[in-house]
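The next block holds one structure in the form of structure tokens; read it before the comments.
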Amino acid sequence: MEWTTKKRYLPYNKWDAETLLDLQAQADRSQSQLHYHIRPSSGLLNDPNGFSYFNGAWHVFYQQYPFGAVHGLKSWHHMKSADLVHWEDMGLAVKPDTQFDSNGAYSGSATVINDKLFLMYTGNVRDQDWVRHSYQNGAWMNQDGNIEKLARPLIEAPDHVTEHFRDPQILKHGDKYYAILGAQDKETETGKIAIFSASDLTGKWTDLGYINFTDKDMGYMIECPNLVFVDDQPILIFCPQGLNKKITSYENIYPNMYVAGSKFKFDAAKMTTSQTAPINLDDGFDVYATQAFNAPNGKAYAISWVGLPDVEYPTDNENWANCLSQVKELSLENGRLIQRPVAAMGTLRQAGHLIRTEKIIDGRQVVESHAGQQYELKITIARNQSGTLHLAGNHTVDQSLQLNFNTGKDAFFEIDRSKAGQTFNEKFGVTRKIRLPENQDLDLDIFIDHSLAEVFVNNGEHVMTLRYFADQKNDKIALTGKNSLNYYGTFWNLADM
Ligand code: FRU
């Protein structure tokens, strides 16, 4: 089936219900399907949008194209949760059905105003010549989940940006509203974060310029900028497309990074920071468009798209693609962002059991012979050792997701997905590696969900997130190394959400 532009942008009501049901059934049947993560009910999922707490529940929306594994006519799909772990599908929420979002209800955010949730998003519009126009639109969601769009856009693109102007994050600060937006500067064609303010939400929005937070070029376009406060320090999360790798090294097609600041001056459009270059938010293969927010319980939470723009995934030929990460709780230590699972993730745990150093049999230490494909493994690997932890292994673990480590001198941790089943996106490398402090125990908290691995390293100092597409029969966990390796930990199977 060929995805012509015309087909991708066919209005939703031109698709018949049966096609959608077939696509949903196909996604449900997929061997690689996720069981405790947010995944598209059909078609393609991308950015998390409108992550918020409203009316006694957590809400997140995701960008979706429901009719295939392609980036077509986008809408927002609504999910709701009582605990940030078990999500209920609330269905299609923001549809691309007005003159200000006719070619896609693109990414945005949400904030509670009085007794409603206010959504701010980009309306993507193409004219007869297929020239893009971006409108920053608003909509109210009431307590019953009904959404009513504002008749007019809140912000139209200023003259100093190109057609690439999107992904508003709305924030209330003092007695004003602020919106920060991803932008491409027209004159320099570089990536910027624009900021606007308004005293009256539906009144005039004032252009405050670009946020000054670095003296370096942030590539050719910044997508999905997101400001969150962690221990009262501003953290700017963003996706600098085309960032020069000499500024910060990365291997994914586009990076998702952050800069931690000391002060954020809204009206002066400035974040003071001592950080000289952005830092990768996730050290794995597949995280993008992370959205974080300050919750009323005083905590800061983040959720990411596990997937990347402009690359293909093996499930594309099953007509669905991508998922969201689990929710991560943010904290700061020595200026570095720490990301940890939320406590409620523990509610997924089935009876656990302890694991500890085993004898080597045929050069392997078997941790679990039948781990299944849905589990959490917390493991501490003692210092001064080197070897490989194999996940999703076959009997001889020559096929496996390989977690290579050295906890002695020149300490490192590396994930190699080249032998973990169907390979993909190899052009961007098959390994991801981080440095570790020397001669220290290595703590891993690993979450596996069929085709997704989320590895929290040293209590959230790093997160490495990735998709992999192994034979679901391969469910052995083992360690290999020159010598017998010392480790201990706990293994839990995890329930469906
Ligand atoms: C990022 C992004 C956003 C845009 C959305 C469209 O992945 O390109 O910039 O709003 O996806 O789905």
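All residue names refer to the structure tokens as shown: chains lettered A, B, ... in order, residues numbered from 1 in each chain, ligands numbered from 1 in order.
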
Skipping near chain neighbours, those fewer than 3 positions away, what residues fall within 6 Å of region 147-157 of chain A using only C-alpha atoms, listed as a PDB file with C-alpha atoms, in the first residue's frame?
```pdb
ATOM      1  CA  TYR A 135      -1.248  28.484  14.508  1.00  0.00           C
ATOM      2  CA  GLN A 136      -1.021  28.216  18.268  1.00  0.00           C
ATOM      3  CA  ASN A 137      -4.504  27.230  19.303  1.00  0.00           C
ATOM      4  CA  GLY A 138      -6.400  26.819  22.537  1.00  0.00           C
ATOM      5  CA  ALA A 139      -9.130  24.459  23.740  1.00  0.00           C
ATOM      6  CA  TRP A 140     -10.943  23.822  27.018  1.00  0.00           C
ATOM      7  CA  MET A 141     -11.503  20.361  28.410  1.00  0.00           C
TER       8      MET A 141
END
```

Open item on the list: List the spatial neighbours of region 393-398 of chain A as a PyMOL selection string - criterion: any atom at most 6 Å away, only C-alpha atoms, same-chain residues fewer than 5 positions off excluded.
Closed with: chain A and resi 474-476

Point to revise | Per-residue DSSP, region 370-462 of chain A, filtered to strand (DSSP E or B), as a ChimeraX atom specification | key: /A:374-381,386-393,401-406,412-416,421-422,431-435,442-449,452-457,462

Residues within 6 Å of ligand 1, counting only C-alpha atoms and all ligand atoms: report them as a PDB file with C-alpha atoms, in the first residue's frame.
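Contents of pocket_2.pdb, as written:
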```pdb
ATOM      1  CA  ASP A  47       4.960  12.935  21.244  1.00  0.00           C
ATOM      2  CA  GLN A  63       0.164  12.488  19.111  1.00  0.00           C
ATOM      3  CA  LYS A  74      -2.247  14.023  13.492  1.00  0.00           C
ATOM      4  CA  TYR A 106       0.226  19.012  16.541  1.00  0.00           C
ATOM      5  CA  SER A 107       1.978  18.917  19.892  1.00  0.00           C
ATOM      6  CA  ARG A 166       5.307  24.856  17.098  1.00  0.00           C
ATOM      7  CA  ASP A 167       4.811  22.809  20.283  1.00  0.00           C
ATOM      8  CA  GLU A 223      11.201  20.918  18.779  1.00  0.00           C
ATOM      9  CA  CYS A 224       9.189  20.320  21.937  1.00  0.00           C
ATOM     10  CA  ALA A 289       9.962  14.811  22.738  1.00  0.00           C
ATOM     11  CA  PRO A 309      11.091  11.070  13.786  1.00  0.00           C
TER      12      PRO A 309
END
```

Counting only C-alpha atoms, the residue among A:Asn317, A:Thr357, A:Asn297, A:Thr122 that lies closest to Glu329 (chain A) is A:Asn297

Asp16 (chain A) proximity check over A:Ser134, A:Phe67, A:His164, A:Tyr254, using only C-alpha atoms: winner is A:Phe67

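Contact shell of Ala343 (chain A) at 12 Å (only C-alpha atoms; same-chain neighbours under 6 positions omitted): Asp83, Leu84, Val85, Tyr301, Gln326, Val327, Lys328, Glu329 and Arg349 of chain A.
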
Close residues, region 480-494 of chain A itself excluded, 9 Å, only C-alpha atoms, min 5 positions apart in chain, as a PDB file with N, CA and C atoms, in the first residue's frame:
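result_25.pdb was written with the following content:
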```
ATOM      1  N   TYR A  36       2.446  -2.894  29.536  1.00  0.00           N
ATOM      2  CA  TYR A  36       2.249  -1.975  30.655  1.00  0.00           C
ATOM      3  C   TYR A  36       2.785  -0.571  30.348  1.00  0.00           C
ATOM      4  N   GLY A 346       5.710  -0.124  41.474  1.00  0.00           N
ATOM      5  CA  GLY A 346       5.769  -1.312  42.332  1.00  0.00           C
ATOM      6  C   GLY A 346       4.466  -2.097  42.348  1.00  0.00           C
ATOM      7  N   THR A 347       3.354  -1.435  42.024  1.00  0.00           N
ATOM      8  CA  THR A 347       2.063  -2.141  42.052  1.00  0.00           C
ATOM      9  C   THR A 347       1.940  -3.155  40.910  1.00  0.00           C
ATOM     10  N   LEU A 348       2.833  -3.066  39.921  1.00  0.00           N
ATOM     11  CA  LEU A 348       2.799  -4.044  38.817  1.00  0.00           C
ATOM     12  C   LEU A 348       3.512  -5.340  39.192  1.00  0.00           C
ATOM     13  N   ARG A 349       4.293  -5.282  40.285  1.00  0.00           N
ATOM     14  CA  ARG A 349       5.133  -6.445  40.624  1.00  0.00           C
ATOM     15  C   ARG A 349       4.316  -7.637  41.090  1.00  0.00           C
ATOM     16  N   GLN A 350       4.610  -8.775  40.495  1.00  0.00           N
ATOM     17  CA  GLN A 350       4.079 -10.046  40.969  1.00  0.00           C
ATOM     18  C   GLN A 350       5.089 -10.560  42.003  1.00  0.00           C
ATOM     19  N   ALA A 351       4.783 -11.684  42.645  1.00  0.00           N
ATOM     20  CA  ALA A 351       5.703 -12.216  43.654  1.00  0.00           C
ATOM     21  C   ALA A 351       7.142 -12.179  43.135  1.00  0.00           C
ATOM     22  N   GLY A 352       8.038 -11.621  43.906  1.00  0.00           N
ATOM     23  CA  GLY A 352       9.425 -11.505  43.451  1.00  0.00           C
ATOM     24  C   GLY A 352      10.292 -12.573  44.089  1.00  0.00           C
ATOM     25  N   HIS A 353      11.468 -12.743  43.577  1.00  0.00           N
ATOM     26  CA  HIS A 353      12.420 -13.592  44.290  1.00  0.00           C
ATOM     27  C   HIS A 353      13.830 -13.057  44.146  1.00  0.00           C
ATOM     28  N   LEU A 354      14.617 -13.407  45.144  1.00  0.00           N
ATOM     29  CA  LEU A 354      15.979 -12.896  45.163  1.00  0.00           C
ATOM     30  C   LEU A 354      16.834 -13.660  44.158  1.00  0.00           C
ATOM     31  N   ILE A 355      17.781 -12.970  43.596  1.00  0.00           N
ATOM     32  CA  ILE A 355      18.749 -13.635  42.720  1.00  0.00           C
ATOM     33  C   ILE A 355      20.137 -13.373  43.308  1.00  0.00           C
ATOM     34  N   ARG A 356      21.040 -14.275  43.107  1.00  0.00           N
ATOM     35  CA  ARG A 356      22.395 -14.068  43.635  1.00  0.00           C
ATOM     36  C   ARG A 356      23.371 -14.890  42.805  1.00  0.00           C
ATOM     37  N   THR A 357      24.614 -14.640  43.044  1.00  0.00           N
ATOM     38  CA  THR A 357      25.680 -15.291  42.293  1.00  0.00           C
ATOM     39  C   THR A 357      25.464 -16.803  42.185  1.00  0.00           C
ATOM     40  N   GLU A 358      25.520 -17.294  40.959  1.00  0.00           N
ATOM     41  CA  GLU A 358      25.327 -18.729  40.710  1.00  0.00           C
ATOM     42  C   GLU A 358      26.633 -19.297  40.171  1.00  0.00           C
ATOM     43  N   LYS A 359      26.676 -20.576  40.155  1.00  0.00           N
ATOM     44  CA  LYS A 359      27.870 -21.220  39.576  1.00  0.00           C
ATOM     45  C   LYS A 359      27.872 -21.052  38.054  1.00  0.00           C
ATOM     46  N   ILE A 360      29.042 -21.057  37.476  1.00  0.00           N
ATOM     47  CA  ILE A 360      29.124 -21.002  36.008  1.00  0.00           C
ATOM     48  C   ILE A 360      28.864 -22.387  35.430  1.00  0.00           C
ATOM     49  N   GLY A 363      30.130 -21.839  30.897  1.00  0.00           N
ATOM     50  CA  GLY A 363      30.554 -20.448  30.695  1.00  0.00           C
ATOM     51  C   GLY A 363      29.454 -19.434  30.943  1.00  0.00           C
ATOM     52  N   ARG A 364      28.291 -19.870  31.484  1.00  0.00           N
ATOM     53  CA  ARG A 364      27.192 -18.918  31.704  1.00  0.00           C
ATOM     54  C   ARG A 364      26.693 -19.028  33.133  1.00  0.00           C
ATOM     55  N   GLN A 365      26.314 -17.897  33.682  1.00  0.00           N
ATOM     56  CA  GLN A 365      25.625 -17.910  34.961  1.00  0.00           C
ATOM     57  C   GLN A 365      24.178 -17.563  34.663  1.00  0.00           C
ATOM     58  N   VAL A 366      23.314 -18.536  34.834  1.00  0.00           N
ATOM     59  CA  VAL A 366      21.913 -18.299  34.484  1.00  0.00           C
ATOM     60  C   VAL A 366      21.217 -17.587  35.635  1.00  0.00           C
ATOM     61  N   GLU A 368      17.883 -16.229  35.212  1.00  0.00           N
ATOM     62  CA  GLU A 368      16.505 -16.725  35.061  1.00  0.00           C
ATOM     63  C   GLU A 368      16.468 -17.538  33.781  1.00  0.00           C
ATOM     64  N   ALA A 371      12.346 -16.008  32.016  1.00  0.00           N
ATOM     65  CA  ALA A 371      11.986 -14.720  32.624  1.00  0.00           C
ATOM     66  C   ALA A 371      10.674 -14.166  32.079  1.00  0.00           C
ATOM     67  N   GLY A 372      10.190 -14.729  30.964  1.00  0.00           N
ATOM     68  CA  GLY A 372       9.044 -14.103  30.304  1.00  0.00           C
ATOM     69  C   GLY A 372       9.502 -12.821  29.620  1.00  0.00           C
ATOM     70  N   GLN A 373       8.559 -12.002  29.204  1.00  0.00           N
ATOM     71  CA  GLN A 373       8.919 -10.783  28.464  1.00  0.00           C
ATOM     72  C   GLN A 373       8.380  -9.532  29.143  1.00  0.00           C
ATOM     73  N   GLN A 374       8.011  -9.689  30.407  1.00  0.00           N
ATOM     74  CA  GLN A 374       7.391  -8.579  31.114  1.00  0.00           C
ATOM     75  C   GLN A 374       7.878  -8.629  32.540  1.00  0.00           C
ATOM     76  N   TYR A 375       8.976  -7.942  32.793  1.00  0.00           N
ATOM     77  CA  TYR A 375       9.543  -8.064  34.140  1.00  0.00           C
ATOM     78  C   TYR A 375      10.357  -6.853  34.543  1.00  0.00           C
ATOM     79  N   GLU A 376      10.658  -6.833  35.829  1.00  0.00           N
ATOM     80  CA  GLU A 376      11.623  -5.866  36.367  1.00  0.00           C
ATOM     81  C   GLU A 376      12.754  -6.667  36.984  1.00  0.00           C
ATOM     82  N   LEU A 377      13.950  -6.287  36.665  1.00  0.00           N
ATOM     83  CA  LEU A 377      15.134  -6.916  37.245  1.00  0.00           C
ATOM     84  C   LEU A 377      15.965  -5.825  37.893  1.00  0.00           C
ATOM     85  N   LYS A 378      16.111  -5.928  39.199  1.00  0.00           N
ATOM     86  CA  LYS A 378      16.983  -4.999  39.920  1.00  0.00           C
ATOM     87  C   LYS A 378      18.225  -5.792  40.247  1.00  0.00           C
ATOM     88  N   ILE A 379      19.335  -5.334  39.773  1.00  0.00           N
ATOM     89  CA  ILE A 379      20.553  -6.133  39.967  1.00  0.00           C
ATOM     90  C   ILE A 379      21.732  -5.217  40.314  1.00  0.00           C
ATOM     91  N   THR A 380      22.500  -5.666  41.296  1.00  0.00           N
ATOM     92  CA  THR A 380      23.728  -4.949  41.651  1.00  0.00           C
ATOM     93  C   THR A 380      24.896  -5.838  41.259  1.00  0.00           C
ATOM     94  N   ILE A 381      25.749  -5.285  40.420  1.00  0.00           N
ATOM     95  CA  ILE A 381      26.923  -6.028  39.959  1.00  0.00           C
ATOM     96  C   ILE A 381      28.125  -5.456  40.713  1.00  0.00           C
ATOM     97  N   ALA A 382      28.821  -6.333  41.400  1.00  0.00           N
ATOM     98  CA  ALA A 382      29.897  -5.861  42.276  1.00  0.00           C
ATOM     99  C   ALA A 382      31.028  -5.191  41.486  1.00  0.00           C
ATOM    100  N   ARG A 383      31.744  -4.348  42.185  1.00  0.00           N
ATOM    101  CA  ARG A 383      32.854  -3.586  41.579  1.00  0.00           C
ATOM    102  C   ARG A 383      33.973  -4.512  41.083  1.00  0.00           C
ATOM    103  N   GLN A 385      34.702  -5.878  38.134  1.00  0.00           N
ATOM    104  CA  GLN A 385      34.382  -7.046  37.318  1.00  0.00           C
ATOM    105  C   GLN A 385      34.085  -6.570  35.898  1.00  0.00           C
ATOM    106  N   SER A 386      34.196  -7.483  34.962  1.00  0.00           N
ATOM    107  CA  SER A 386      33.702  -7.136  33.635  1.00  0.00           C
ATOM    108  C   SER A 386      33.026  -8.347  33.022  1.00  0.00           C
ATOM    109  N   GLY A 387      32.012  -8.067  32.226  1.00  0.00           N
ATOM    110  CA  GLY A 387      31.250  -9.161  31.632  1.00  0.00           C
ATOM    111  C   GLY A 387      30.047  -8.621  30.902  1.00  0.00           C
ATOM    112  N   THR A 388      29.088  -9.517  30.671  1.00  0.00           N
ATOM    113  CA  THR A 388      27.888  -9.162  29.921  1.00  0.00           C
ATOM    114  C   THR A 388      26.663  -9.725  30.620  1.00  0.00           C
ATOM    115  N   LEU A 389      25.668  -8.895  30.759  1.00  0.00           N
ATOM    116  CA  LEU A 389      24.356  -9.356  31.222  1.00  0.00           C
ATOM    117  C   LEU A 389      23.505  -9.522  29.972  1.00  0.00           C
ATOM    118  N   HIS A 390      23.016 -10.743  29.758  1.00  0.00           N
ATOM    119  CA  HIS A 390      22.209 -11.019  28.566  1.00  0.00           C
ATOM    120  C   HIS A 390      20.739 -11.020  28.940  1.00  0.00           C
ATOM    121  N   PHE A 447      13.527  -2.530  33.245  1.00  0.00           N
ATOM    122  CA  PHE A 447      12.116  -2.840  32.958  1.00  0.00           C
ATOM    123  C   PHE A 447      12.013  -3.347  31.527  1.00  0.00           C
ATOM    124  N   ILE A 448      11.435  -4.536  31.390  1.00  0.00           N
ATOM    125  CA  ILE A 448      11.262  -5.131  30.062  1.00  0.00           C
ATOM    126  C   ILE A 448       9.772  -5.259  29.771  1.00  0.00           C
ATOM    127  N   ASP A 449       9.371  -4.794  28.610  1.00  0.00           N
ATOM    128  CA  ASP A 449       7.972  -4.936  28.185  1.00  0.00           C
ATOM    129  C   ASP A 449       7.953  -5.383  26.709  1.00  0.00           C
TER     130      ASP A 449
END
```

**Asked** Ile211 (chain A): which residues within 9 Å, counting only C-alpha atoms, same-chain residues fewer than 6 positions away excluded, as number ranges by chain?
**Response** A: 180, 192-195, 266, 268-271

Kindly save the residues from that selection, with N, CA and C atoms included, as a PDB file, in the first residue's frame.
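As a result, result21.pdb now contains:
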```
ATOM      1  N   ILE A 180       6.067  28.854  25.806  1.00  0.00           N
ATOM      2  CA  ILE A 180       7.371  28.703  25.156  1.00  0.00           C
ATOM      3  C   ILE A 180       7.196  27.763  23.960  1.00  0.00           C
ATOM      4  N   LYS A 192      15.611  27.785  17.879  1.00  0.00           N
ATOM      5  CA  LYS A 192      15.411  28.730  18.991  1.00  0.00           C
ATOM      6  C   LYS A 192      14.238  28.286  19.834  1.00  0.00           C
ATOM      7  N   ILE A 193      14.175  28.842  21.047  1.00  0.00           N
ATOM      8  CA  ILE A 193      12.976  28.676  21.867  1.00  0.00           C
ATOM      9  C   ILE A 193      12.374  30.062  22.055  1.00  0.00           C
ATOM     10  N   ALA A 194      11.179  30.234  21.506  1.00  0.00           N
ATOM     11  CA  ALA A 194      10.497  31.534  21.584  1.00  0.00           C
ATOM     12  C   ALA A 194       9.660  31.575  22.858  1.00  0.00           C
ATOM     13  N   ILE A 195       9.436  32.779  23.368  1.00  0.00           N
ATOM     14  CA  ILE A 195       8.572  32.922  24.542  1.00  0.00           C
ATOM     15  C   ILE A 195       7.606  34.095  24.349  1.00  0.00           C
ATOM     16  N   PHE A 266      11.321  35.054  33.238  1.00  0.00           N
ATOM     17  CA  PHE A 266      10.315  34.955  32.177  1.00  0.00           C
ATOM     18  C   PHE A 266      10.282  36.198  31.294  1.00  0.00           C
ATOM     19  N   ALA A 268      12.325  38.650  30.946  1.00  0.00           N
ATOM     20  CA  ALA A 268      13.587  38.991  30.281  1.00  0.00           C
ATOM     21  C   ALA A 268      13.980  37.893  29.285  1.00  0.00           C
ATOM     22  N   ALA A 269      13.198  36.839  29.178  1.00  0.00           N
ATOM     23  CA  ALA A 269      13.472  35.719  28.267  1.00  0.00           C
ATOM     24  C   ALA A 269      14.892  35.188  28.457  1.00  0.00           C
ATOM     25  N   LYS A 270      15.205  34.884  29.712  1.00  0.00           N
ATOM     26  CA  LYS A 270      16.582  34.456  29.985  1.00  0.00           C
ATOM     27  C   LYS A 270      16.641  33.376  31.056  1.00  0.00           C
ATOM     28  N   MET A 271      17.463  32.369  30.804  1.00  0.00           N
ATOM     29  CA  MET A 271      17.756  31.390  31.856  1.00  0.00           C
ATOM     30  C   MET A 271      19.245  31.451  32.142  1.00  0.00           C
TER      31      MET A 271
END
```

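Proximity of A:Asp471, A:Asp22, A:Glu88, A:Asp231 to Ala300 (chain A), computed with only C-alpha atoms, is greatest for A:Asp231.
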
Each region 281-316 of chain A residue no farther than 12 Å from region 337-341 of chain A, nearest pair in Å, only C-alpha atoms, as a tab-separated table:
```
residue	atom	partner	partner_atom	distance
A:Leu281	CA	A:Leu337	CA	8.0
A:Asp282	CA	A:Gln339	CA	9.4
A:Asp283	CA	A:Gln339	CA	11.9
A:Ala292	CA	A:Gln339	CA	11.3
A:Lys299	CA	A:Gln339	CA	11.9
A:Ala300	CA	A:Gln339	CA	9.9
A:Tyr301	CA	A:Gln339	CA	8.8
A:Ala302	CA	A:Gln339	CA	8.4
A:Ile303	CA	A:Gln339	CA	10.4
A:Ser304	CA	A:Gln339	CA	11.8
```

Using only C-alpha atoms, the shortest atom-to-atom distance to Gln143 (chain A) among A:Val94, A:Leu227, A:Ile113, A:Leu20 belongs to A:Ile113

- Residues within 6 Å of Pro168 (chain A), only C-alpha atoms, excluding chain neighbours under 5 positions, as a PyMOL selection string: chain A and resi 108+121+179-181

Kindly export the residues of the current selection with N, CA and C atoms, as a compact mmCIF listing (two decimals), in the first residue's frame.
```txt
# COMPACT_ATOMS: atom_id res chain seq x y z
N GLY A 108 1.47 19.95 21.97
CA GLY A 108 1.22 21.04 22.90
C GLY A 108 1.11 20.53 24.32
N TYR A 121 -2.05 24.02 21.70
CA TYR A 121 -1.41 23.12 20.73
C TYR A 121 -1.18 23.84 19.42
N ALA A 179 3.95 31.23 27.13
CA ALA A 179 4.02 30.07 26.23
C ALA A 179 5.44 30.01 25.69
N ILE A 180 6.07 28.85 25.81
CA ILE A 180 7.37 28.70 25.16
C ILE A 180 7.20 27.76 23.96
N LEU A 181 7.89 28.08 22.89
CA LEU A 181 7.65 27.40 21.61
C LEU A 181 8.94 27.05 20.89
```

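Coordinates place CA of Trp87 (chain A) at a distance of 10.3 Å from CA of Ala57 (chain A).
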
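Computed from the coordinates, the CA of Ala27 (chain A) to CA of Pro40 (chain A) distance equals 8.3 Å.
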
### DSSP helix (DSSP H, G or I) residues within region 17-165 of chain A, as number ranges by chain
A: 17-29

Selection export as a short mmCIF file (atom, residue, chain, number, x, y, z; two decimals), in the first residue's frame, atoms kept: C-alpha atoms:
```cif
data_model
loop_
_atom_site.label_atom_id
_atom_site.label_comp_id
_atom_site.auth_asym_id
_atom_site.auth_seq_id
_atom_site.Cartn_x
_atom_site.Cartn_y
_atom_site.Cartn_z
CA ALA A 17 -14.90 2.01 10.94
CA GLU A 18 -14.04 -1.48 9.79
CA THR A 19 -10.56 -0.45 8.63
CA LEU A 20 -9.89 1.08 12.03
CA LEU A 21 -11.12 -2.02 13.86
CA ASP A 22 -8.93 -4.23 11.69
CA LEU A 23 -5.92 -2.05 12.44
CA GLN A 24 -6.64 -2.17 16.17
CA ALA A 25 -6.99 -5.96 16.08
CA GLN A 26 -3.72 -6.24 14.17
CA ALA A 27 -1.91 -4.11 16.77
CA ASP A 28 -3.43 -6.17 19.60
CA ARG A 29 -2.17 -9.39 18.05
#
```

Just want the 10 Å neighbourhood of Ile253 (chain A), counted on only C-alpha atoms, with same-chain residues fewer than 5 positions away dropped. Output as a PyMOL selection string. chain A and resi 241-242+285-286+308-311+425+427-428

Kindly export the residues of the current selection with N, CA and C atoms, as a PDB file, in the first residue's frame.
```pdb
ATOM      1  N   GLN A 241      17.306  19.741  16.794  1.00  0.00           N
ATOM      2  CA  GLN A 241      17.571  18.977  15.570  1.00  0.00           C
ATOM      3  C   GLN A 241      18.774  19.564  14.842  1.00  0.00           C
ATOM      4  N   GLY A 242      19.678  18.685  14.460  1.00  0.00           N
ATOM      5  CA  GLY A 242      20.860  19.138  13.720  1.00  0.00           C
ATOM      6  C   GLY A 242      21.931  19.736  14.612  1.00  0.00           C
ATOM      7  N   PHE A 285      18.624   4.528  22.813  1.00  0.00           N
ATOM      8  CA  PHE A 285      18.474   4.671  21.362  1.00  0.00           C
ATOM      9  C   PHE A 285      17.236   5.443  20.906  1.00  0.00           C
ATOM     10  N   ASP A 286      16.205   5.508  21.741  1.00  0.00           N
ATOM     11  CA  ASP A 286      14.899   5.844  21.161  1.00  0.00           C
ATOM     12  C   ASP A 286      14.043   6.857  21.925  1.00  0.00           C
ATOM     13  N   LEU A 308      11.487   7.833  17.300  1.00  0.00           N
ATOM     14  CA  LEU A 308      12.167   9.013  16.754  1.00  0.00           C
ATOM     15  C   LEU A 308      11.549   9.380  15.419  1.00  0.00           C
ATOM     16  N   PRO A 309      11.588  10.667  15.101  1.00  0.00           N
ATOM     17  CA  PRO A 309      11.091  11.070  13.786  1.00  0.00           C
ATOM     18  C   PRO A 309      12.011  10.542  12.672  1.00  0.00           C
ATOM     19  N   ASP A 310      11.464  10.390  11.500  1.00  0.00           N
ATOM     20  CA  ASP A 310      12.247  10.093  10.287  1.00  0.00           C
ATOM     21  C   ASP A 310      13.034   8.789  10.322  1.00  0.00           C
ATOM     22  N   VAL A 311      12.613   7.831  11.155  1.00  0.00           N
ATOM     23  CA  VAL A 311      13.228   6.505  11.093  1.00  0.00           C
ATOM     24  C   VAL A 311      12.111   5.460  11.094  1.00  0.00           C
ATOM     25  N   ASN A 425      17.475   0.495  12.087  1.00  0.00           N
ATOM     26  CA  ASN A 425      18.176   1.766  12.327  1.00  0.00           C
ATOM     27  C   ASN A 425      19.673   1.595  12.627  1.00  0.00           C
ATOM     28  N   LYS A 427      22.097   2.229  10.922  1.00  0.00           N
ATOM     29  CA  LYS A 427      22.827   3.404  10.444  1.00  0.00           C
ATOM     30  C   LYS A 427      23.236   4.325  11.610  1.00  0.00           C
ATOM     31  N   PHE A 428      22.430   4.311  12.669  1.00  0.00           N
ATOM     32  CA  PHE A 428      22.723   5.179  13.812  1.00  0.00           C
ATOM     33  C   PHE A 428      23.432   4.416  14.937  1.00  0.00           C
TER      34      PHE A 428
END
```

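Nearest-residue note for Pro314 (chain A): choosing from A:Phe469, A:Trp76, A:Tyr258, A:Trp3, the minimum distance belongs to A:Phe469, counting only C-alpha atoms.
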